[in-house]
Amino acid sequence: MEAIKASIDKAQAVLSGNGAEKLSPTNRANLNNQILVAQQIVNKSNVTKEEYQTVLNNLETARQSAEHEISRAMLAQLITECKGIDTTIFIEGVEAFNTAFAQALAIYNDPTSDKAEMDYIYTVLVSARAGLKVNDALNNVDKRGLESMILTAQSVVANADKYRNDPSWDEMLTALENAKAILANPNATQAEIVQATEVLRLVLNRILANAEQVQKPGQQNEMYVQNRDQENVNFVRTGDDENIAGLLAATTLAGTAAIIALKKQAADSCLFFR
């Protein structure tokens with residue numbers, strides 16, 4: 001009975017483990033049913049060898065089917081997330097990321113791919129995504145403020161339905177594309193970085209301020225604003241004066257701090273911005 005007890009434990013772990021929410025109702029119900037049948041066998045006094053083996057095999061098949069579905073669903077979600085990454089703003093890790101992404105697509109689209117293959121490429125793609133970096137050390141410039149501003153702008157774009165009617169929308173998109181080009185340029189000067197950050201910051205503040213003015217009382221908008229020095233993504237809600245102030249602070253904190261310091265550097269080099 002030890003083998004079937006161990007199989008029951010593994011099956012129950014699948015139902016409560018990572019990604020269990022991605023199980024289809026059919027596979028979930030089948031696995032639950034097979035667990036119940038197996039538990040009845042464990043509690044049964046007279047069980048034939050054939051009956052025992054049949055129940056064990058059915059339980060193992062149901063568990064493996066559920067695990068395969070979970071692995072496939074998690075890989076699909078990761079692929080979807082990676083499709084939205086603009087690799088043009090990175091100058092490190094792009095080749096490894098593109099290779100891992102192509103391999104993940106190939107494995108996902110291959111109906112014969114097993115759980116081990118999908119789990120392996122999932123780990124590889126997660127690692128490759130984490131390896132995408134902007135190497136500011138190449139020209140000894142500080143792009144942190146610009147990178148933070150770009151992340152905020154991309155969050156606004158992701159919530160386009162809430163903001164695209166703003167008269168500054170097209171201007172923001174142009175400023176965002178220019179900022180990404182400056183960020184990806186290893187030869188960008190500090191003056192260019194400061195200017196691109198400031199232009200994007202100003203247009204973003206106009207859009208967010210306008211959105212706050214037209215917000216209905218009691219209604220809340222929700223968007224992501226990510227701090228580059230943190231791995232987590234925080235929800236910032238708008239809907240009252242206190243929260244919009246927090247949102248604008250999150251939008252401008254890194255960029256403005258960098259601009260104040262860097263404009264002095266630019267002035268010292270006889271470079272002025274208006």
# chains A, B, ... in the order shown; residues from 1 in each chain; ligands from 1
call {"tool": "residues_around", "arguments": {"residues": "Ala102 in chain A", "least_positions_apart": "6", "cutoff": "12 Å", "atoms": "only C-alpha atoms", "output": "count of residues only"}}
result
12
call {"tool": "select_by_dssp", "arguments": {"residues": "range 72-236 of chain A", "states": "strand (DSSP E)", "output": "count of residues only"}}
result
8
call {"tool": "closest_atom_pairs", "arguments": {"of": "range 82-179 of chain A", "to": "range 187-207 of chain A", "cutoff": "12 Å", "atoms": "only C-alpha atoms", "output": "CSV"}}
result
residue,atom,partner,partner_atom,distance
A:Ile91,CA,A:Asn187,CA,11.6
A:Asn135,CA,A:Asn187,CA,11.2
A:Asp136,CA,A:Asn187,CA,9.9
A:Ala137,CA,A:Asn187,CA,11.1
A:Leu138,CA,A:Asn187,CA,8.3
A:Asn139,CA,A:Asn187,CA,6.7
A:Asn140,CA,A:Gln190,CA,8.9
A:Val141,CA,A:Gln190,CA,5.8
A:Asp142,CA,A:Gln190,CA,7.1
A:Lys143,CA,A:Ile193,CA,6.7
A:Arg144,CA,A:Ile193,CA,9.7
A:Gly145,CA,A:Thr197,CA,6.8
A:Leu146,CA,A:Thr197,CA,4.9
A:Glu147,CA,A:Thr197,CA,8.5
A:Ser148,CA,A:Thr197,CA,9.1
A:Met149,CA,A:Arg201,CA,6.6
A:Ile150,CA,A:Leu200,CA,8.0
A:Leu151,CA,A:Leu200,CA,11.1
A:Thr152,CA,A:Leu204,CA,8.4
A:Ala153,CA,A:Leu204,CA,6.9
A:Gln154,CA,A:Leu204,CA,10.6
A:Ser155,CA,A:Leu204,CA,10.8
A:Val156,CA,A:Leu204,CA,8.4
A:Val157,CA,A:Leu204,CA,10.6
A:Ala160,CA,A:Ile207,CA,11.2
A:Lys162,CA,A:Ile207,CA,10.1
A:Tyr163,CA,A:Ile207,CA,7.0
A:Arg164,CA,A:Ile207,CA,9.1
A:Asn165,CA,A:Ile207,CA,9.5
A:Asp166,CA,A:Ile207,CA,6.3
A:Pro167,CA,A:Ile207,CA,8.2
A:Ser168,CA,A:Ile207,CA,6.5
A:Trp169,CA,A:Ile207,CA,7.3
A:Asp170,CA,A:Val203,CA,9.9
A:Glu171,CA,A:Val203,CA,7.2
A:Met172,CA,A:Val203,CA,5.8
A:Leu173,CA,A:Leu200,CA,9.0
A:Thr174,CA,A:Leu200,CA,9.0
A:Ala175,CA,A:Leu200,CA,5.4
A:Leu176,CA,A:Leu200,CA,6.5
A:Glu177,CA,A:Leu200,CA,9.7
A:Asn178,CA,A:Ala196,CA,7.0
A:Ala179,CA,A:Ala196,CA,5.4
call {"tool": "residues_around", "arguments": {"residues": "Ala3 in chain A", "least_positions_apart": "3", "cutoff": "8 Å", "atoms": "only C-alpha atoms", "output": "PDB file with N, CA and C atoms, in the first residue's frame"}}
result
ATOM      1  N   ALA A   6       1.836   7.021  -1.425  1.00  0.00           N
ATOM      2  CA  ALA A   6       2.757   8.043  -1.925  1.00  0.00           C
ATOM      3  C   ALA A   6       2.162   8.747  -3.142  1.00  0.00           C
ATOM      4  N   SER A   7       1.499   7.979  -3.984  1.00  0.00           N
ATOM      5  CA  SER A   7       0.874   8.558  -5.172  1.00  0.00           C
ATOM      6  C   SER A   7      -0.263   9.503  -4.790  1.00  0.00           C
ATOM      7  N   LEU A  56      -3.730   2.350  -9.005  1.00  0.00           N
ATOM      8  CA  LEU A  56      -2.476   3.099  -8.943  1.00  0.00           C
ATOM      9  C   LEU A  56      -2.143   3.719 -10.305  1.00  0.00           C
TER      10      LEU A  56
END
call {"tool": "atom_distance", "arguments": {"atom1": "CA of Ala62 in chain A", "atom2": "CA of Ala11 in chain A"}}
result
8.3 Å
call {"tool": "atom_distance", "arguments": {"atom1": "CA of Gln39 in chain A", "atom2": "CA of Asn58 in chain A"}}
result
12.7 Å
call {"tool": "closest_residue", "arguments": {"among": "A:Glu212, A:Glu117, A:Asp9, A:Asp86", "to": "Leu36 in chain A", "atoms": "only C-alpha atoms"}}
result
A:Asp9
